$ cat coords-v3.txt   # compact mmCIF, C-alpha atoms and all ligand atoms
# COMPACT_ATOMS: atom_id res chain seq x y z
CA MET A 911 0.00 0.00 0.00
CA ASN A 912 2.98 2.27 0.52
CA GLY A 913 4.48 1.44 -2.84
CA ALA A 914 7.35 -0.48 -1.28
CA MET A 915 8.28 -3.61 -3.20
CA PRO A 916 8.75 -6.71 -1.04
CA VAL A 917 11.80 -8.80 -1.88
CA PHE A 918 11.73 -12.29 -0.45
CA ALA A 919 14.61 -14.20 1.11
CA ASP A 920 14.16 -17.95 1.53
CA VAL A 921 13.79 -19.70 4.87
CA ASP A 922 15.94 -22.13 6.81
CA PRO A 923 13.61 -25.14 6.86
CA ALA A 924 15.04 -26.45 10.14
CA THR A 925 14.01 -23.31 12.06
CA PHE A 926 11.18 -22.21 9.70
CA GLN A 927 12.70 -18.67 9.88
CA ILE A 928 14.15 -16.29 7.29
CA ASP A 929 17.67 -17.50 6.49
CA PRO A 930 20.20 -14.68 7.15
CA LYS A 931 22.56 -16.26 4.59
CA LYS A 932 19.94 -15.58 1.91
CA ILE A 933 19.37 -11.93 2.82
CA GLU A 934 22.61 -10.25 1.79
CA GLN A 935 22.48 -11.36 -1.84
CA LYS A 936 19.08 -9.64 -2.15
CA ILE A 937 20.30 -6.20 -1.06
CA THR A 938 20.52 -3.57 -3.82
CA PRO A 939 20.96 0.24 -3.76
CA ARG A 940 17.15 0.43 -3.69
CA THR A 941 16.86 -1.55 -0.46
CA ARG A 942 15.58 0.46 2.51
CA ALA A 943 14.69 -2.01 5.24
CA ILE A 944 14.88 -5.61 6.36
CA MET A 945 11.67 -7.02 7.78
CA PRO A 946 12.29 -10.32 9.57
CA VAL A 947 9.14 -12.13 10.67
CA HIS A 948 9.43 -14.21 13.84
CA ILE A 949 7.08 -16.64 12.22
CA LEU A 950 5.14 -19.07 14.44
CA GLY A 951 6.45 -17.19 17.47
CA LEU A 952 9.95 -18.69 17.09
CA PRO A 953 12.71 -16.05 17.03
CA ALA A 954 14.50 -15.33 13.77
CA ASP A 955 18.29 -15.05 13.90
CA MET A 956 18.33 -11.37 14.93
CA VAL A 957 22.02 -11.23 15.84
CA ALA A 958 23.01 -12.16 12.28
CA ILE A 959 20.28 -9.97 10.75
CA MET A 960 21.31 -6.88 12.76
CA GLU A 961 24.91 -7.35 11.61
CA ILE A 962 23.80 -7.39 7.98
CA ALA A 963 21.61 -4.32 8.53
CA LYS A 964 24.47 -2.43 10.16
CA LYS A 965 26.87 -3.29 7.37
CA HIS A 966 24.43 -2.00 4.73
CA ASN A 967 23.00 0.87 6.78
CA LEU A 968 19.44 -0.48 6.64
CA ILE A 969 16.66 -0.12 9.16
CA VAL A 970 15.08 -3.25 10.63
CA ILE A 971 11.37 -3.57 11.39
CA GLU A 972 10.65 -6.80 13.26
CA ASP A 973 7.34 -8.50 12.65
CA ALA A 974 6.91 -9.94 16.12
CA CYS A 975 3.15 -10.27 15.57
CA GLN A 976 3.28 -13.91 16.71
CA ALA A 977 6.18 -13.59 19.15
CA TRP A 978 5.12 -11.84 22.37
CA MET A 979 7.70 -12.54 25.15
CA ALA A 980 10.05 -14.48 22.87
CA GLU A 981 13.73 -13.84 23.63
CA ILE A 982 17.23 -14.09 22.21
CA ASN A 983 19.95 -14.08 24.87
CA ARG A 984 17.24 -12.85 27.32
CA LYS A 985 16.47 -9.81 25.14
CA LYS A 986 12.89 -9.65 23.87
CA VAL A 987 12.28 -9.92 20.15
CA GLY A 988 10.83 -6.73 18.76
CA THR A 989 13.55 -4.75 20.58
CA PHE A 990 16.45 -5.48 18.22
CA GLY A 991 15.47 -3.33 15.26
CA LEU A 992 14.10 0.19 14.92
CA ALA A 993 10.64 -1.15 15.71
CA GLY A 994 8.78 -4.28 16.70
CA CYS A 995 5.18 -4.97 15.66
CA PHE A 996 2.73 -7.10 17.64
CA SER A 997 -0.73 -8.36 16.78
CA PHE A 998 -3.73 -8.97 19.04
CA GLN A 999 -5.95 -10.30 16.26
CA ASN A 1000 -8.28 -13.11 17.25
CA SER A 1001 -6.10 -16.19 16.72
CA LYS A 1002 -3.22 -14.73 18.70
CA ASN A 1003 -1.84 -15.58 22.14
CA ILE A 1004 -3.35 -12.27 23.37
CA PRO A 1005 -6.54 -12.06 21.29
CA MET A 1006 -8.70 -8.98 21.56
CA GLY A 1007 -10.70 -8.97 18.33
CA GLU A 1008 -8.47 -6.80 16.20
CA GLY A 1009 -5.57 -4.53 17.02
CA GLY A 1010 -1.85 -4.36 17.48
CA ALA A 1011 1.06 -2.45 18.93
CA ILE A 1012 4.33 -1.00 17.74
CA ILE A 1013 7.31 -0.55 20.04
CA SER A 1014 10.48 1.47 19.49
CA ASP A 1015 13.14 3.39 21.41
CA ASN A 1016 13.05 6.09 18.76
CA ASP A 1017 10.70 8.87 19.97
CA GLU A 1018 10.43 10.60 16.63
CA TYR A 1019 9.47 7.36 14.92
CA MET A 1020 6.87 6.63 17.61
CA ASP A 1021 5.40 10.12 17.23
CA ARG A 1022 4.94 9.47 13.53
CA CYS A 1023 3.31 6.11 14.27
CA PHE A 1024 0.96 7.74 16.76
CA SER A 1025 0.08 10.54 14.40
CA TYR A 1026 -0.44 8.07 11.52
CA HIS A 1027 -2.93 6.01 13.53
CA ASN A 1028 -4.84 9.13 14.60
CA PHE A 1029 -5.75 10.96 11.36
CA GLY A 1030 -2.21 12.35 11.04
CA TYR A 1031 -2.98 14.82 13.81
CA PRO A 1032 -0.07 16.61 15.51
CA TYR A 1033 1.72 14.50 18.08
CA GLY A 1034 5.09 15.17 19.71
CA SER A 1035 7.59 15.89 16.97
CA VAL A 1036 4.79 15.78 14.35
CA VAL A 1037 4.20 19.47 14.89
CA GLY A 1038 1.14 21.45 13.89
CA ALA A 1039 -1.22 24.10 15.20
CA PHE A 1040 -3.65 22.98 17.91
CA GLY A 1041 -6.92 22.27 16.09
CA GLY A 1042 -5.05 22.64 12.81
CA GLY A 1043 -6.06 19.17 11.58
CA SER A 1044 -4.02 16.48 9.88
CA GLN A 1045 -0.32 17.19 9.37
CA MET A 1046 0.48 13.97 7.58
CA LEU A 1047 -1.42 11.26 5.81
CA GLY A 1048 -3.09 9.17 8.49
CA THR A 1049 -5.66 6.52 9.31
CA LYS A 1050 -8.20 5.98 12.04
CA VAL A 1051 -6.93 2.52 12.95
CA ARG A 1052 -7.43 3.04 16.65
CA LEU A 1053 -8.05 0.63 19.49
CA THR A 1054 -11.07 1.10 21.69
CA GLU A 1055 -10.80 1.14 25.48
CA TYR A 1056 -12.94 -2.01 25.61
CA GLN A 1057 -10.42 -3.93 23.55
CA ALA A 1058 -7.52 -2.57 25.60
CA ALA A 1059 -9.22 -3.77 28.79
CA ILE A 1060 -9.53 -7.30 27.33
CA ALA A 1061 -5.85 -7.30 26.36
CA LEU A 1062 -4.66 -5.91 29.69
CA ALA A 1063 -6.48 -8.66 31.58
CA GLN A 1064 -4.69 -11.23 29.45
CA LEU A 1065 -1.29 -9.59 29.90
CA ALA A 1066 -1.42 -10.58 33.57
CA ARG A 1067 -1.29 -14.29 32.65
CA LEU A 1068 0.87 -14.07 29.53
CA ASP A 1069 4.14 -14.79 31.32
CA ASP A 1070 2.86 -17.98 32.97
CA GLU A 1071 1.17 -19.14 29.78
CA THR A 1072 4.37 -18.54 27.83
CA THR A 1073 6.27 -20.70 30.31
CA THR A 1074 3.66 -23.45 29.96
CA ARG A 1075 3.81 -23.31 26.16
CA ASN A 1076 7.63 -23.52 26.23
CA GLU A 1077 7.58 -26.50 28.62
CA ASN A 1078 4.90 -28.37 26.70
CA ALA A 1079 6.53 -27.63 23.34
CA ALA A 1080 9.87 -29.01 24.57
CA TYR A 1081 8.08 -32.06 25.99
CA LEU A 1082 6.11 -32.71 22.79
CA LYS A 1083 9.24 -32.21 20.70
CA SER A 1084 11.19 -34.72 22.81
CA LYS A 1085 8.45 -37.31 22.27
CA ILE A 1086 7.73 -36.89 18.55
CA GLU A 1087 11.30 -36.41 17.33
CA LYS A 1088 11.77 -40.13 17.95
CA ILE A 1089 9.01 -40.98 15.45
CA PRO A 1090 10.48 -41.72 11.98
CA GLY A 1091 9.43 -39.05 9.48
CA ILE A 1092 8.67 -36.35 12.06
CA VAL A 1093 11.18 -33.49 12.26
CA PRO A 1094 10.13 -30.87 14.81
CA TYR A 1095 11.24 -27.20 14.69
CA LYS A 1096 14.73 -26.25 15.79
CA LEU A 1097 15.41 -23.09 17.82
CA TYR A 1098 18.61 -21.10 17.23
CA ASP A 1099 21.16 -21.73 20.01
CA ASN A 1100 20.81 -18.21 21.44
CA VAL A 1101 17.02 -18.44 21.88
CA THR A 1102 16.17 -18.28 25.58
CA ARG A 1103 12.40 -18.35 25.14
CA ALA A 1104 9.91 -18.72 22.29
CA ALA A 1105 6.25 -17.71 22.08
CA PHE A 1106 4.98 -20.84 20.30
CA HIS A 1107 2.06 -19.20 18.64
CA LEU A 1108 2.29 -22.41 16.66
CA PHE A 1109 4.18 -25.66 17.08
CA PRO A 1110 5.62 -26.69 13.71
CA PHE A 1111 7.12 -29.90 12.50
CA ARG A 1112 8.12 -31.28 9.12
CA TYR A 1113 6.32 -34.33 7.80
CA LYS A 1114 8.51 -36.62 5.69
CA LYS A 1115 6.17 -38.85 3.76
CA GLU A 1116 8.98 -41.22 2.70
CA GLN A 1117 8.97 -42.53 6.27
CA PHE A 1118 5.18 -42.84 6.24
CA GLN A 1119 5.02 -45.33 3.33
CA GLY A 1120 4.64 -42.39 0.92
CA MET A 1121 1.34 -41.32 2.55
CA SER A 1122 0.43 -37.79 1.52
CA ARG A 1123 0.48 -34.95 4.04
CA ALA A 1124 -3.24 -34.41 3.39
CA ILE A 1125 -4.04 -37.94 4.57
CA PHE A 1126 -1.72 -37.57 7.55
CA LEU A 1127 -3.62 -34.43 8.57
CA ARG A 1128 -6.98 -36.13 8.12
CA ALA A 1129 -5.84 -39.01 10.30
CA LEU A 1130 -4.46 -36.67 12.96
CA SER A 1131 -7.71 -34.69 13.03
CA ALA A 1132 -9.64 -37.95 13.29
CA GLU A 1133 -7.54 -38.76 16.37
CA GLY A 1134 -8.84 -35.49 17.87
CA VAL A 1135 -5.77 -33.31 17.27
CA PRO A 1136 -6.55 -30.04 15.45
CA CYS A 1137 -3.79 -29.39 12.89
CA SER A 1138 -3.12 -27.55 9.65
CA ILE A 1139 -0.71 -27.22 6.75
CA GLY A 1140 -0.09 -23.57 7.59
CA TYR A 1141 0.33 -20.75 5.12
CA THR A 1142 0.68 -20.73 1.36
CA SER A 1143 3.78 -19.13 -0.20
CA LEU A 1144 3.59 -15.36 0.34
CA ASN A 1145 5.91 -14.62 -2.58
CA LYS A 1146 3.45 -16.17 -5.04
CA MET A 1147 0.29 -14.42 -4.03
CA PRO A 1148 -1.71 -12.64 -6.73
CA TYR A 1149 -1.72 -9.32 -4.84
CA LEU A 1150 1.84 -8.70 -6.06
CA GLY A 1151 0.92 -8.63 -9.74
CA HIS A 1152 -2.10 -6.55 -8.86
CA ALA A 1153 -0.04 -4.00 -6.94
CA PHE A 1154 2.51 -3.76 -9.76
CA GLN A 1155 -0.30 -2.72 -12.12
CA SER A 1156 -1.38 0.15 -9.86
CA LYS A 1157 -0.73 3.76 -10.86
CA ASN A 1158 1.37 4.20 -7.74
CA PHE A 1159 3.82 1.43 -8.65
CA LYS A 1160 3.91 2.44 -12.30
CA LYS A 1161 4.98 5.93 -11.28
CA MET A 1162 7.70 4.74 -8.96
CA TYR A 1163 9.40 1.83 -10.70
CA PRO A 1164 11.00 1.28 -14.08
CA LYS A 1165 8.86 -0.94 -16.29
CA GLU A 1166 11.18 -3.95 -16.14
CA MET A 1167 10.94 -4.07 -12.33
CA LEU A 1168 7.16 -4.45 -12.64
CA ASP A 1169 7.40 -7.45 -14.94
CA ILE A 1170 5.78 -10.07 -12.71
CA ASN A 1171 7.48 -13.02 -14.45
CA ARG A 1172 10.87 -11.45 -13.92
CA TYR A 1173 9.93 -10.64 -10.33
CA ASN A 1174 8.76 -14.21 -9.66
CA GLU A 1175 11.99 -15.56 -11.10
CA ALA A 1176 14.07 -13.35 -8.78
CA ASN A 1177 11.94 -14.08 -5.73
CA GLN A 1178 11.87 -17.85 -5.76
CA CYS A 1179 12.01 -19.47 -2.33
CA PRO A 1180 12.23 -23.23 -2.93
CA GLU A 1181 12.83 -24.14 0.72
CA ASN A 1182 9.74 -22.22 1.76
CA ASP A 1183 7.73 -23.78 -1.07
CA ARG A 1184 8.66 -27.25 0.16
CA LEU A 1185 7.46 -26.36 3.66
CA CYS A 1186 4.22 -24.84 2.42
CA ASP A 1187 3.40 -27.36 -0.29
CA GLU A 1188 4.68 -30.63 1.17
CA GLU A 1189 6.14 -30.77 4.65
CA ALA A 1190 4.87 -28.27 7.23
CA VAL A 1191 2.38 -29.31 9.87
CA TRP A 1192 1.25 -26.83 12.51
CA LEU A 1193 -0.41 -27.31 15.86
CA SER A 1194 -1.89 -24.17 17.35
CA GLN A 1195 -0.79 -22.49 20.58
CA ASN A 1196 -3.86 -23.40 22.63
CA LEU A 1197 -2.95 -27.11 22.47
CA LEU A 1198 0.25 -26.23 24.31
CA LEU A 1199 -1.73 -24.99 27.31
CA ALA A 1200 -3.09 -28.49 27.89
CA GLU A 1201 -2.14 -31.00 30.58
CA LYS A 1202 0.89 -33.26 30.06
CA THR A 1203 -1.44 -36.24 29.53
CA ASP A 1204 -3.00 -34.42 26.55
CA ILE A 1205 0.44 -33.79 25.12
CA ASP A 1206 1.13 -37.52 25.55
CA ASN A 1207 -2.06 -38.18 23.57
CA ILE A 1208 -0.88 -35.96 20.68
CA ALA A 1209 2.41 -37.85 20.50
CA ALA A 1210 0.59 -41.19 20.75
CA ALA A 1211 -1.74 -40.19 17.90
CA ILE A 1212 1.19 -39.36 15.60
CA ASP A 1213 2.92 -42.59 16.55
CA LYS A 1214 -0.25 -44.58 15.84
CA ILE A 1215 -0.55 -43.02 12.37
CA GLN A 1216 3.10 -43.79 11.66
CA LYS A 1217 2.66 -47.44 12.62
CA ASN A 1218 -0.51 -47.75 10.52
CA ALA A 1219 0.63 -45.75 7.51
CA SER A 1220 0.46 -48.70 5.13
CA LYS A 1221 -3.25 -49.16 5.95
CA LEU A 1222 -4.05 -45.45 5.85
CA LYS A 1223 -2.14 -44.29 2.81
CA ASN A 1224 -4.79 -45.20 0.25
CA ILE A 1225 -7.92 -44.00 2.05
C1 LIG B 1 3.27 -12.71 11.33
C2 LIG B 1 2.12 -11.75 11.26
N1 LIG B 1 2.34 -10.51 10.76
C3 LIG B 1 1.36 -9.60 10.68
C4 LIG B 1 0.08 -9.90 11.11
C5 LIG B 1 -0.97 -8.85 10.98
O1 LIG B 1 -1.42 -8.46 12.22
P1 LIG B 1 -2.88 -7.80 12.35
O2 LIG B 1 -3.87 -8.87 11.97
O3 LIG B 1 -2.98 -7.43 13.80
O4 LIG B 1 -2.90 -6.64 11.43
C6 LIG B 1 -0.21 -11.18 11.61
C7 LIG B 1 -1.54 -11.61 12.06
O5 LIG B 1 -2.60 -11.24 11.75
C8 LIG B 1 0.84 -12.12 11.68
O6 LIG B 1 0.62 -13.34 12.16

$ encode --input "coords-v3.txt" --output "structure tokens" --more "lines below"
Ligand SMILES: Cc1ncc(COP(=O)(O)O)c(C=O)c1O
Amino acid sequence: MNGAMPVFADVDPATFQIDPKKIEQKITPRTRAIMPVHILGLPADMVAIMEIAKKHNLIVIEDACQAWMAEINRKKVGTFGLAGCFSFQNSKNIPMGEGGAIISDNDEYMDRCFSYHNFGYPYGSVVGAFGGGSQMLGTKVRLTEYQAAIALAQLARLDDETTTRNENAAYLKSKIEKIPGIVPYKLYDNVTRAAFHLFPFRYKKEQFQGMSRAIFLRALSAEGVPCSIGYTSLNKMPYLGHAFQSKNFKKMYPKEMLDINRYNEANQCPENDRLCDEEAVWLSQNLLLAEKTDIDNIAAAIDKIQKNASKLKNI
């Protein structure tokens, strides 16, 4: 919407996160910012990413929308870059309907954020006459007090719930990593806490008698474990071609940069495609608030499917 062109760097399939080794080769003189997403609530490799940003004089905006309380070396994610963004949309660990938050140590930046979300009215260093109306382009994307009250009540238990999710995730991982064909997420060595908005693992059908992921998911659901294949590849979504046809983009970019075939070619992410199209399986955060016996049941269900794959694979 701002006319910025997203450039995609592939993921490290073991951690499910953006791969820092793939970022640098994507940087050009046009690059302005790096936007790591702590996807699934597992921290991206911020130490490596900040080094790259420093070297190339780029700002970093962390999408920590799924990663409340997650930490690297005891420092919270969302506090490494210029800004961290958090979401309180309904599926999240702190759901409040719709809404989010931005954090930053940079006062001027925060003033602009505040002004932007409030009609572009004067705020702090966004200076204007009192009653003088909008100083900059703005929105009315404001939280209501009712929503804030719902979120504040949940903040009180967030720390304990995060601990529970971390303990149960580690427990579930320890159980299912022994099952052939199940490869749970890996955290980077410097991660001291994750948020586990989702618990991901990779499904290797070769060790399940070639049974498709779709059948595996059906069987797991039938065992009473809600699960999903996760997202589709963001770099292939039709909105990109649509945006490139807009007047805004046409004004700002040379024609060859708006050639969607050329763009797709340059933005291939084969590792991410394999996760999205073939291997990823996600369990949602609320399962990780269950009792240990329930976690045992999840592991037992996966084990049962593995042992019965030859019977299930053709259903
Ligand atoms: C990783 C990530 N980024 C951004 C968003 C957008 O947040 P919101 O829905 O609060 O606008 C979400 C969730 O909705 C998300 O999961």

$ axis_aligned_box --input "coords-v3.txt" --around "ligand LIG 1 (chain B)" --padding-each-side "3 Å" --output "JSON"
{"center_x": -0.3, "center_y": -10.0, "center_z": 12.2, "size_x": 13.1, "size_y": 12.7, "size_z": 9.1}

$ atom_distance --input "coords-v3.txt" --atom1 "atom C8 of ligand LIG 1 (chain B)" --atom2 "atom CA of A:Asn1000"
10.7 Å

$ residues_around --input "coords-v3.txt" --residues "stretch 1137-1151 of chain A" --least-positions-apart "6" --cutoff "6 Å" --atoms "only C-alpha atoms" --output "number ranges by chain"
A: 1170, 1186, 1190-1193

$ atom_distance --input "coords-v3.txt" --atom1 "atom CA of A:Glu1008" --atom2 "atom CA of A:Cys975"
12.1 Å

$ residues_near_ligand --input "coords-v3.txt" --ligand "ligand LIG 1 (chain B)" --cutoff "10 Å" --atoms "only C-alpha atoms and all ligand atoms" --output "VMD selection string"
chain A and resid 946 to 951 972 to 977 995 to 1002 1005 to 1011 1107

$ write_last_selection --input "coords-v3.txt" --atoms "C-alpha atoms" --output "compact mmCIF listing (two decimals), in the frame of the given file"
# COMPACT_ATOMS: atom_id res chain seq x y z
CA PRO A 946 12.29 -10.32 9.57
CA VAL A 947 9.14 -12.13 10.67
CA HIS A 948 9.43 -14.21 13.84
CA ILE A 949 7.08 -16.64 12.22
CA LEU A 950 5.14 -19.07 14.44
CA GLY A 951 6.45 -17.19 17.47
CA GLU A 972 10.65 -6.80 13.26
CA ASP A 973 7.34 -8.50 12.65
CA ALA A 974 6.91 -9.94 16.12
CA CYS A 975 3.15 -10.27 15.57
CA GLN A 976 3.28 -13.91 16.71
CA ALA A 977 6.18 -13.59 19.15
CA CYS A 995 5.18 -4.97 15.66
CA PHE A 996 2.73 -7.10 17.64
CA SER A 997 -0.73 -8.36 16.78
CA PHE A 998 -3.73 -8.97 19.04
CA GLN A 999 -5.95 -10.30 16.26
CA ASN A 1000 -8.28 -13.11 17.25
CA SER A 1001 -6.10 -16.19 16.72
CA LYS A 1002 -3.22 -14.73 18.70
CA PRO A 1005 -6.54 -12.06 21.29
CA MET A 1006 -8.70 -8.98 21.56
CA GLY A 1007 -10.70 -8.97 18.33
CA GLU A 1008 -8.47 -6.80 16.20
CA GLY A 1009 -5.57 -4.53 17.02
CA GLY A 1010 -1.85 -4.36 17.48
CA ALA A 1011 1.06 -2.45 18.93
CA HIS A 1107 2.06 -19.20 18.64

$ atom_distance --input "coords-v3.txt" --atom1 "atom CA of A:Ala1059" --atom2 "atom CA of A:Trp978"
17.7 Å

$ residues_around --input "coords-v3.txt" --residues "stretch 1071-1080 of chain A" --least-positions-apart "3" --cutoff "7 Å" --atoms "all atoms listed in the file" --output "number ranges by chain"
A: 1067-1068, 1083-1084, 1104-1106, 1109, 1198-1199

$ residues_around --input "coords-v3.txt" --residues "stretch 1087-1093 of chain A" --least-positions-apart "5" --cutoff "12 Å" --atoms "all atoms listed in the file" --output "PyMOL selection string"
chain A and resi 923-926+1079-1082+1109-1121+1123+1126+1185+1189-1192+1209-1217+1219

$ closest_residue --input "coords-v3.txt" --among "A:Ile1225, A:Ala1063, A:Val1101, A:Cys1023" --to "A:Glu981" --atoms "only C-alpha atoms"
A:Val1101

$ decode --input "coords-v3.txt" --residues "stretch 1078-1129 of chain A" --atoms "C-alpha atoms" --output "tab-separated table (two decimals), in the first residue's frame"
chain	number	residue	atom	x	y	z
A	1078	ASN	CA	4.90	-28.37	26.70
A	1079	ALA	CA	6.53	-27.63	23.34
A	1080	ALA	CA	9.87	-29.01	24.57
A	1081	TYR	CA	8.08	-32.06	25.99
A	1082	LEU	CA	6.11	-32.71	22.79
A	1083	LYS	CA	9.24	-32.21	20.70
A	1084	SER	CA	11.19	-34.72	22.81
A	1085	LYS	CA	8.45	-37.31	22.27
A	1086	ILE	CA	7.73	-36.89	18.55
A	1087	GLU	CA	11.30	-36.41	17.33
A	1088	LYS	CA	11.77	-40.13	17.95
A	1089	ILE	CA	9.01	-40.98	15.45
A	1090	PRO	CA	10.48	-41.72	11.98
A	1091	GLY	CA	9.43	-39.05	9.48
A	1092	ILE	CA	8.67	-36.35	12.06
A	1093	VAL	CA	11.18	-33.49	12.26
A	1094	PRO	CA	10.13	-30.87	14.81
A	1095	TYR	CA	11.24	-27.20	14.69
A	1096	LYS	CA	14.73	-26.25	15.79
A	1097	LEU	CA	15.41	-23.09	17.82
A	1098	TYR	CA	18.61	-21.10	17.23
A	1099	ASP	CA	21.16	-21.73	20.01
A	1100	ASN	CA	20.81	-18.21	21.44
A	1101	VAL	CA	17.02	-18.44	21.88
A	1102	THR	CA	16.17	-18.28	25.58
A	1103	ARG	CA	12.40	-18.35	25.14
A	1104	ALA	CA	9.91	-18.72	22.29
A	1105	ALA	CA	6.25	-17.71	22.08
A	1106	PHE	CA	4.98	-20.84	20.30
A	1107	HIS	CA	2.06	-19.20	18.64
A	1108	LEU	CA	2.29	-22.41	16.66
A	1109	PHE	CA	4.18	-25.66	17.08
A	1110	PRO	CA	5.62	-26.69	13.71
A	1111	PHE	CA	7.12	-29.90	12.50
A	1112	ARG	CA	8.12	-31.28	9.12
A	1113	TYR	CA	6.32	-34.33	7.80
A	1114	LYS	CA	8.51	-36.62	5.69
A	1115	LYS	CA	6.17	-38.85	3.76
A	1116	GLU	CA	8.98	-41.22	2.70
A	1117	GLN	CA	8.97	-42.53	6.27
A	1118	PHE	CA	5.18	-42.84	6.24
A	1119	GLN	CA	5.02	-45.33	3.33
A	1120	GLY	CA	4.64	-42.39	0.92
A	1121	MET	CA	1.34	-41.32	2.55
A	1122	SER	CA	0.43	-37.79	1.52
A	1123	ARG	CA	0.48	-34.95	4.04
A	1124	ALA	CA	-3.24	-34.41	3.39
A	1125	ILE	CA	-4.04	-37.94	4.57
A	1126	PHE	CA	-1.72	-37.57	7.55
A	1127	LEU	CA	-3.62	-34.43	8.57
A	1128	ARG	CA	-6.98	-36.13	8.12
A	1129	ALA	CA	-5.84	-39.01	10.30
